[in-house]
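Peer 1: Pasting upload.pdb here (PDB, C-alpha atoms and all ligand atoms):
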```
ATOM      1  CA  MET A   1     -23.660 -48.156 -35.565
ATOM      2  CA  PHE A   2     -27.153 -47.929 -36.966
ATOM      3  CA  LEU A   3     -28.731 -51.266 -37.839
ATOM      4  CA  GLU A   4     -31.851 -51.495 -39.930
ATOM      5  CA  PRO A   5     -34.995 -52.259 -37.939
ATOM      6  CA  GLN A   6     -36.718 -55.529 -38.768
ATOM      7  CA  SER A   7     -39.374 -54.577 -41.252
ATOM      8  CA  ARG A   8     -40.697 -57.964 -42.323
ATOM      9  CA  GLY A   9     -44.476 -57.952 -42.122
ATOM     10  CA  HIS A  10     -44.335 -54.222 -41.458
ATOM     11  CA  ARG A  11     -46.316 -52.322 -44.052
ATOM     12  CA  GLY A  12     -45.291 -48.760 -43.237
ATOM     13  CA  GLY A  13     -42.125 -46.906 -44.064
ATOM     14  CA  TRP A  14     -40.147 -44.700 -41.719
ATOM     15  CA  ILE A  15     -37.832 -41.689 -41.545
ATOM     16  CA  GLU A  16     -34.149 -41.707 -40.571
ATOM     17  CA  VAL A  17     -32.070 -38.564 -40.082
ATOM     18  CA  ILE A  18     -28.271 -38.513 -40.153
ATOM     19  CA  THR A  19     -27.011 -35.146 -38.966
ATOM     20  CA  GLY A  20     -23.987 -33.316 -37.536
ATOM     21  CA  SER A  21     -21.415 -30.678 -38.468
ATOM     22  CA  MET A  22     -19.425 -30.432 -41.667
ATOM     23  CA  PHE A  23     -16.807 -33.184 -42.148
ATOM     24  CA  SER A  24     -18.625 -35.433 -39.663
ATOM     25  CA  GLY A  25     -19.269 -38.251 -42.140
ATOM     26  CA  LYS A  26     -22.980 -37.707 -42.783
ATOM     27  CA  THR A  27     -22.787 -38.510 -46.474
ATOM     28  CA  GLU A  28     -20.497 -41.494 -45.849
ATOM     29  CA  GLU A  29     -23.112 -42.875 -43.445
ATOM     30  CA  LEU A  30     -25.903 -42.172 -45.943
ATOM     31  CA  ILE A  31     -23.993 -44.013 -48.664
ATOM     32  CA  ARG A  32     -23.258 -46.904 -46.284
ATOM     33  CA  ARG A  33     -26.939 -47.372 -45.494
ATOM     34  CA  LEU A  34     -27.978 -47.029 -49.131
ATOM     35  CA  ARG A  35     -25.422 -49.602 -50.281
ATOM     36  CA  ARG A  36     -26.846 -52.057 -47.743
ATOM     37  CA  THR A  37     -30.304 -51.596 -49.274
ATOM     38  CA  GLN A  38     -28.743 -52.482 -52.643
ATOM     39  CA  PHE A  39     -27.382 -55.702 -51.143
ATOM     40  CA  ALA A  40     -30.917 -56.426 -49.936
ATOM     41  CA  ASN A  41     -32.150 -56.008 -53.534
ATOM     42  CA  GLN A  42     -34.248 -52.991 -52.691
ATOM     43  CA  ASN A  43     -34.847 -50.258 -55.241
ATOM     44  CA  LEU A  44     -33.494 -46.906 -54.208
ATOM     45  CA  ILE A  45     -33.445 -43.382 -55.499
ATOM     46  CA  ILE A  46     -31.387 -40.451 -54.221
ATOM     47  CA  TYR A  47     -32.201 -36.775 -54.356
ATOM     48  CA  LYS A  48     -30.230 -33.697 -53.607
ATOM     49  CA  PRO A  49     -30.992 -29.980 -53.874
ATOM     50  CA  LYS A  50     -29.901 -27.897 -56.827
ATOM     51  CA  GLN A  51     -27.730 -25.724 -54.619
ATOM     52  CA  ASP A  52     -25.163 -28.345 -53.809
ATOM     53  CA  ASP A  53     -22.859 -28.635 -56.802
ATOM     54  CA  ARG A  54     -19.547 -28.886 -55.059
ATOM     55  CA  TYR A  55     -18.453 -32.107 -56.710
ATOM     56  CA  SER A  56     -20.993 -33.214 -59.238
ATOM     57  CA  LYS A  57     -24.448 -32.374 -60.441
ATOM     58  CA  ASP A  58     -25.726 -35.920 -60.567
ATOM     59  CA  LYS A  59     -23.973 -37.875 -57.822
ATOM     60  CA  VAL A  60     -24.001 -37.979 -54.047
ATOM     61  CA  VAL A  61     -20.307 -37.807 -53.257
ATOM     62  CA  SER A  62     -18.776 -38.004 -49.813
ATOM     63  CA  HIS A  63     -15.523 -36.294 -48.846
ATOM     64  CA  ASP A  64     -13.732 -39.568 -49.419
ATOM     65  CA  ALA A  65     -15.034 -39.588 -53.026
ATOM     66  CA  ASN A  66     -17.433 -42.483 -52.495
ATOM     67  CA  PHE A  67     -20.533 -41.870 -54.580
ATOM     68  CA  LEU A  68     -23.974 -42.972 -55.756
ATOM     69  CA  GLU A  69     -25.955 -41.550 -58.666
ATOM     70  CA  SER A  70     -28.490 -38.940 -57.626
ATOM     71  CA  ILE A  71     -31.245 -36.764 -59.040
ATOM     72  CA  VAL A  72     -31.012 -33.012 -58.551
ATOM     73  CA  VAL A  73     -34.324 -31.304 -57.727
ATOM     74  CA  GLY A  74     -35.215 -27.660 -57.145
ATOM     75  CA  ALA A  75     -38.109 -28.079 -54.709
ATOM     76  CA  SER A  76     -38.908 -30.778 -52.161
ATOM     77  CA  ALA A  77     -42.349 -31.366 -53.745
ATOM     78  CA  GLU A  78     -40.574 -32.888 -56.773
ATOM     79  CA  ILE A  79     -39.452 -35.750 -54.526
ATOM     80  CA  LEU A  80     -43.079 -36.931 -54.374
ATOM     81  CA  ASN A  81     -42.743 -38.093 -57.996
ATOM     82  CA  VAL A  82     -40.844 -41.225 -56.956
ATOM     83  CA  PRO A  83     -41.266 -44.194 -59.294
ATOM     84  CA  ARG A  84     -43.747 -46.813 -58.026
ATOM     85  CA  ASP A  85     -41.248 -49.604 -57.431
ATOM     86  CA  ILE A  86     -38.992 -47.620 -55.074
ATOM     87  CA  HIS A  87     -38.433 -48.966 -51.545
ATOM     88  CA  VAL A  88     -35.860 -46.493 -50.251
ATOM     89  CA  VAL A  89     -35.413 -42.739 -50.806
ATOM     90  CA  GLY A  90     -32.119 -41.068 -49.848
ATOM     91  CA  ILE A  91     -31.879 -37.291 -49.513
ATOM     92  CA  ASP A  92     -28.495 -35.581 -49.159
ATOM     93  CA  GLU A  93     -27.688 -31.975 -48.131
ATOM     94  CA  ALA A  94     -31.267 -31.744 -46.905
ATOM     95  CA  GLN A  95     -30.628 -28.500 -45.007
ATOM     96  CA  PHE A  96     -30.763 -26.678 -48.354
ATOM     97  CA  PHE A  97     -34.316 -27.836 -49.127
ATOM     98  CA  ASP A  98     -37.445 -25.754 -48.467
ATOM     99  CA  MET A  99     -39.568 -26.136 -45.342
ATOM    100  CA  ASP A 100     -42.037 -28.492 -47.071
ATOM    101  CA  LEU A 101     -39.506 -31.319 -46.896
ATOM    102  CA  PRO A 102     -40.861 -32.759 -43.592
ATOM    103  CA  ARG A 103     -44.371 -33.071 -45.106
ATOM    104  CA  VAL A 104     -42.916 -34.695 -48.224
ATOM    105  CA  CYS A 105     -40.988 -37.211 -46.107
ATOM    106  CA  GLU A 106     -44.090 -37.999 -44.042
ATOM    107  CA  LYS A 107     -46.068 -38.732 -47.203
ATOM    108  CA  LEU A 108     -43.331 -40.973 -48.556
ATOM    109  CA  SER A 109     -43.014 -42.918 -45.313
ATOM    110  CA  LEU A 110     -46.791 -43.323 -45.090
ATOM    111  CA  SER A 111     -46.729 -44.877 -48.540
ATOM    112  CA  GLY A 112     -44.325 -47.518 -47.207
ATOM    113  CA  ILE A 113     -41.003 -45.977 -48.227
ATOM    114  CA  ARG A 114     -37.910 -45.892 -46.011
ATOM    115  CA  VAL A 115     -36.622 -42.294 -46.141
ATOM    116  CA  ILE A 116     -33.003 -41.632 -45.177
ATOM    117  CA  ILE A 117     -32.038 -37.973 -44.843
ATOM    118  CA  ALA A 118     -28.562 -36.495 -44.359
ATOM    119  CA  GLY A 119     -27.968 -32.834 -43.568
ATOM    120  CA  LEU A 120     -26.336 -30.238 -41.336
ATOM    121  CA  ASP A 121     -28.058 -29.688 -37.995
ATOM    122  CA  MET A 122     -26.616 -26.168 -37.533
ATOM    123  CA  ASP A 123     -25.443 -23.374 -39.809
ATOM    124  CA  PHE A 124     -22.117 -21.549 -39.324
ATOM    125  CA  MET A 125     -23.708 -19.375 -36.613
ATOM    126  CA  GLY A 126     -24.763 -22.418 -34.618
ATOM    127  CA  ARG A 127     -28.436 -21.917 -35.518
ATOM    128  CA  PRO A 128     -30.758 -24.816 -36.424
ATOM    129  CA  PHE A 129     -30.540 -25.215 -40.201
ATOM    130  CA  GLY A 130     -33.586 -25.195 -42.518
ATOM    131  CA  PRO A 131     -35.933 -28.199 -42.299
ATOM    132  CA  ILE A 132     -33.475 -30.440 -40.379
ATOM    133  CA  PRO A 133     -34.733 -29.624 -36.833
ATOM    134  CA  GLU A 134     -38.320 -30.526 -37.789
ATOM    135  CA  LEU A 135     -37.155 -33.649 -39.575
ATOM    136  CA  MET A 136     -35.281 -34.682 -36.411
ATOM    137  CA  ALA A 137     -38.507 -34.237 -34.459
ATOM    138  CA  ILE A 138     -40.681 -36.355 -36.744
ATOM    139  CA  ALA A 139     -38.119 -39.056 -37.587
ATOM    140  CA  GLU A 140     -38.247 -42.544 -36.098
ATOM    141  CA  TYR A 141     -34.446 -42.664 -35.956
ATOM    142  CA  VAL A 142     -31.939 -39.821 -35.521
ATOM    143  CA  THR A 143     -28.180 -40.349 -35.678
ATOM    144  CA  LYS A 144     -25.789 -37.548 -34.775
ATOM    145  CA  VAL A 145     -22.337 -38.048 -36.213
ATOM    146  CA  HIS A 146     -19.292 -36.022 -35.171
ATOM    147  CA  ALA A 147     -16.124 -34.695 -36.687
ATOM    148  CA  ILE A 148     -12.937 -34.224 -34.652
ATOM    149  CA  CYS A 149     -11.954 -30.749 -33.483
ATOM    150  CA  PRO A 150      -8.482 -30.074 -34.984
ATOM    151  CA  HIS A 151      -7.612 -27.758 -32.077
ATOM    152  CA  CYS A 152      -8.231 -30.018 -29.085
ATOM    153  CA  GLY A 153      -9.119 -33.473 -30.409
ATOM    154  CA  ASN A 154     -12.577 -33.561 -28.811
ATOM    155  CA  LEU A 155     -15.730 -34.371 -30.747
ATOM    156  CA  ALA A 156     -16.653 -31.520 -33.081
ATOM    157  CA  THR A 157     -20.282 -30.448 -33.214
ATOM    158  CA  HIS A 158     -20.019 -27.067 -34.925
ATOM    159  CA  SER A 159     -19.055 -25.837 -38.397
ATOM    160  CA  TYR A 160     -16.745 -22.861 -37.995
ATOM    161  CA  ARG A 161     -16.485 -20.536 -40.989
ATOM    162  CA  LEU A 162     -12.916 -19.421 -41.592
ATOM    163  CA  SER A 163     -13.865 -16.543 -43.917
ATOM    164  CA  ASP A 164     -15.677 -13.323 -43.002
ATOM    165  CA  GLU A 165     -18.651 -13.913 -45.322
ATOM    166  CA  THR A 166     -21.960 -13.467 -43.491
ATOM    167  CA  ALA A 167     -24.541 -15.140 -45.780
ATOM    168  CA  THR A 168     -26.084 -18.265 -44.219
ATOM    169  CA  VAL A 169     -25.199 -20.354 -47.268
ATOM    170  CA  VAL A 170     -21.621 -20.066 -48.494
ATOM    171  CA  LEU A 171     -20.664 -23.253 -50.266
ATOM    172  CA  GLY A 172     -17.177 -24.401 -49.536
ATOM    173  CA  GLU A 173     -14.949 -27.112 -48.243
ATOM    174  CA  LYS A 174     -11.933 -27.116 -45.988
ATOM    175  CA  ASP A 175     -10.861 -23.806 -47.507
ATOM    176  CA  LYS A 176     -13.909 -22.174 -45.900
ATOM    177  CA  TYR A 177     -14.885 -24.279 -42.896
ATOM    178  CA  GLU A 178     -13.451 -26.370 -40.126
ATOM    179  CA  PRO A 179     -15.217 -28.571 -37.586
ATOM    180  CA  ARG A 180     -14.869 -27.449 -33.977
ATOM    181  CA  CYS A 181     -16.029 -28.586 -30.563
ATOM    182  CA  ARG A 182     -18.350 -26.244 -28.673
ATOM    183  CA  VAL A 183     -15.548 -24.638 -26.648
ATOM    184  CA  CYS A 184     -13.200 -24.004 -29.596
ATOM    185  CA  TYR A 185     -16.133 -22.805 -31.726
ATOM    186  CA  ASN A 186     -16.981 -20.224 -29.091
ATOM    187  CA  MET A 187     -13.402 -19.018 -28.947
ATOM    188  CA  GLY A 188     -13.915 -17.906 -32.549
ATOM    189  CA  LYS A 189     -11.206 -15.772 -34.015
ATOM    190  CA  ALA A 190      -9.126 -15.823 -30.843
ATOM    191  CA  LEU A 191      -8.270 -19.384 -31.771
ATOM    192  CA  ASP A 192      -7.426 -18.418 -35.378
ATOM    193  CA  PHE A 193      -5.001 -15.861 -34.001
ATOM    194  CA  ARG A 194      -3.361 -18.388 -31.723
ATOM    195  CA  ALA A 195      -3.074 -20.863 -34.581
ATOM    196  CA  GLN A 196      -1.409 -18.298 -36.818
ATOM    197  CA  ASN A 197       1.124 -17.561 -34.128
ATOM    198  CA  GLY A 198       3.053 -20.734 -33.836
ATOM    199  CA  SER A 199       0.757 -23.611 -32.868
ATOM    200  CA  LYS A 200       1.163 -27.085 -34.334
ATOM    201  CA  LYS A 201      -1.662 -26.539 -36.818
ATOM    202  CA  THR A 202      -0.362 -26.807 -40.355
ATOM    203  CA  LYS A 203      -1.906 -26.394 -43.760
ATOM    204  CA  LYS A 204      -0.791 -29.882 -44.703
ATOM    205  CA  ASN A 205      -4.178 -31.519 -44.260
ATOM    206  CA  GLU A 206      -6.193 -28.795 -45.899
ATOM    207  CA  LYS A 207      -5.741 -29.623 -49.519
ATOM    208  CA  LYS A 208      -8.762 -31.089 -51.245
ATOM    209  CA  SER A 209      -8.660 -34.819 -51.588
TER     210      SER A 209
HETATM  211 ZN    ZN A 301     -11.955 -28.108 -29.614
END
```
If you convert what's in this file into structure tokens, what do you get?

Peer 2:
Amino acid sequence: MFLEPQSRGHRGGWIEVITGSMFSGKTEELIRRLRRTQFANQNLIIYKPKQDDRYSKDKVVSHDANFLESIVVGASAEILNVPRDIHVVGIDEAQFFDMDLPRVCEKLSLSGIRVIIAGLDMDFMGRPFGPIPELMAIAEYVTKVHAICPHCGNLATHSYRLSDETATVVLGEKDKYEPRCRVCYNMGKALDFRAQNGSKKTKKNEKKS
């Protein structure tokens, strides 16, 4: 589990990235770290991109319905307008931001702010997603979290799209995606076919919670 580095007497800020597939607990981990900063009486602010409106326009909400208030911004440059007394900036669904986000995070950390970013490392095709790869490169701390592959029980690293839509961004939940390990992800539709034909997989767990 990630523990905060000792920052007493340390003037500079730093960048943390929490990344992984869908349903891997990225937002839960972001919320966990942000709540700890609240216990430490630090001032925090949370941003998320306009695109992500699955649950709420003004909250960062994890799949288990845990949430913190957040500010929705259209462009990463808007994040530079943080109030002066802020110690910690959280950014959720960062893969949807523009490619200026790494520069924005560098500026914030240089001004002494701890920046905690959560986002998908890969899109549904298994390609590096938006600004996340660069953020992983420049961050002091990178945490990869994993879901569980429902087909084999191994750690899931990929987000498999169940529908045939081909756009890179198709917002959805368990109706549209499932986490898969590398092997099951690469089996693609062959695995769907097997599942439809009498495996143990049921629809029971797929309803939104
Ligand atoms: Zn698997």

Peer 1: Can you pull out the residues contacting Val170 in chain A? Cut-off 10 Å, using only C-alpha atoms, and skip same-chain residues under 6 positions away; I want them as a PyMOL selection string.

Peer 2: chain A and resi 124+161+163+176-177

Peer 1: Output C-alpha atoms of each residue in that selection to a file, as a PDB file, keeping the file's coordinate frame.

Peer 2:
```
ATOM      1  CA  PHE A 124     -22.117 -21.549 -39.324  1.00  0.00           C
ATOM      2  CA  ARG A 161     -16.485 -20.536 -40.989  1.00  0.00           C
ATOM      3  CA  SER A 163     -13.865 -16.543 -43.917  1.00  0.00           C
ATOM      4  CA  LYS A 176     -13.909 -22.174 -45.900  1.00  0.00           C
ATOM      5  CA  TYR A 177     -14.885 -24.279 -42.896  1.00  0.00           C
TER       6      TYR A 177
END
```

Peer 1: For ligand ZN 301 (chain A), collect every residue having any atom at a distance of at most 12 Å from a ligand atom (counting all atoms listed in the file); output as a PyMOL selection string.

Peer 2: chain A and resi 147-160+178-188+191

Peer 1: May I ask which of the residues A:Met125, A:Ile113, A:Lys189, A:Ala118 is the closest one to Thr166 in chain A, counting all atoms listed in the file?

Peer 2: A:Met125

Peer 1: Could you state the separation of CA of Arg35 in chain A and CA of Val72 in chain A in Å, given to one decimal place?

Peer 2: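 Rounded to one decimal, the two atoms are 19.4 Å apart.
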
Peer 1: Of the residues A:Val73, A:Ala167, A:Ile79, A:Met122, which is the one nearest to Thr19 in chain A, using all atoms listed in the file?

Peer 2: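 Of all the options, A:Met122 lies closest to Thr19 in chain A.
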
Peer 1: If the PyMOL selection byres (((chain A and resi 108) around 9) and not hetatm) were run on this exact file, what residues would it hold? Put them as a compact mmCIF listing (two decimals) with C-alpha atoms, in the frame of the given file.

Peer 2:
```txt
# COMPACT_ATOMS: atom_id res chain seq x y z
CA GLY A 13 -42.12 -46.91 -44.06
CA TRP A 14 -40.15 -44.70 -41.72
CA ILE A 15 -37.83 -41.69 -41.54
CA ILE A 79 -39.45 -35.75 -54.53
CA LEU A 80 -43.08 -36.93 -54.37
CA VAL A 82 -40.84 -41.22 -56.96
CA VAL A 89 -35.41 -42.74 -50.81
CA ARG A 103 -44.37 -33.07 -45.11
CA VAL A 104 -42.92 -34.70 -48.22
CA CYS A 105 -40.99 -37.21 -46.11
CA GLU A 106 -44.09 -38.00 -44.04
CA LYS A 107 -46.07 -38.73 -47.20
CA SER A 109 -43.01 -42.92 -45.31
CA LEU A 110 -46.79 -43.32 -45.09
CA SER A 111 -46.73 -44.88 -48.54
CA GLY A 112 -44.32 -47.52 -47.21
CA ILE A 113 -41.00 -45.98 -48.23
CA ARG A 114 -37.91 -45.89 -46.01
CA VAL A 115 -36.62 -42.29 -46.14
```

Peer 1: Select, from A:Leu162, A:Asn81, A:Ile117, A:His146, the residue with the minimum atom-to-atom distance to Asp175 in chain A, counting all atoms listed in the file.

Peer 2: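 Looking at the shortest contact to Asp175 in chain A, the residue is A:Leu162.
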
Peer 1: List the residues matched by the PyMOL selection byres (((chain A and resi 94) around 12) and not hetatm) in the displayed structure as a ChimeraX atom specification, ordered by chain and then by residue number.

Peer 2: /A:17-20,26-27,30,46-52,60,72-76,79,90-93,95-102,105,115-122,129-136

Peer 1: My list of candidates is A:Thr37, A:Arg84, A:Ile31, A:Thr168. Which is closest to Ser70 in chain A when distances are computed with all atoms listed in the file?

Peer 2: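 Smallest separation from Ser70 in chain A among the options: A:Ile31.
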
Peer 1: Take CA of Arg33 in chain A and CA of Asp123 in chain A and report the distance between them in Å, one decimal.

Peer 2: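 Calculated distance between CA of Arg33 in chain A and CA of Asp123 in chain A is 24.7 Å.
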
Peer 1: What gap, in Å, lies between CA of Val88 in chain A and CA of Thr143 in chain A?

Peer 2: 17.6 Å

Peer 1: As JSON, please: the centre and edge lengths in Å, to one decimal, of an axis-aligned box enclosing every listed atom of range 118-124 of chain A with 5 Å added on each side.

Peer 2:
```
{"center_x": -25.3, "center_y": -29.0, "center_z": -40.9, "size_x": 16.4, "size_y": 24.9, "size_z": 16.8}
```
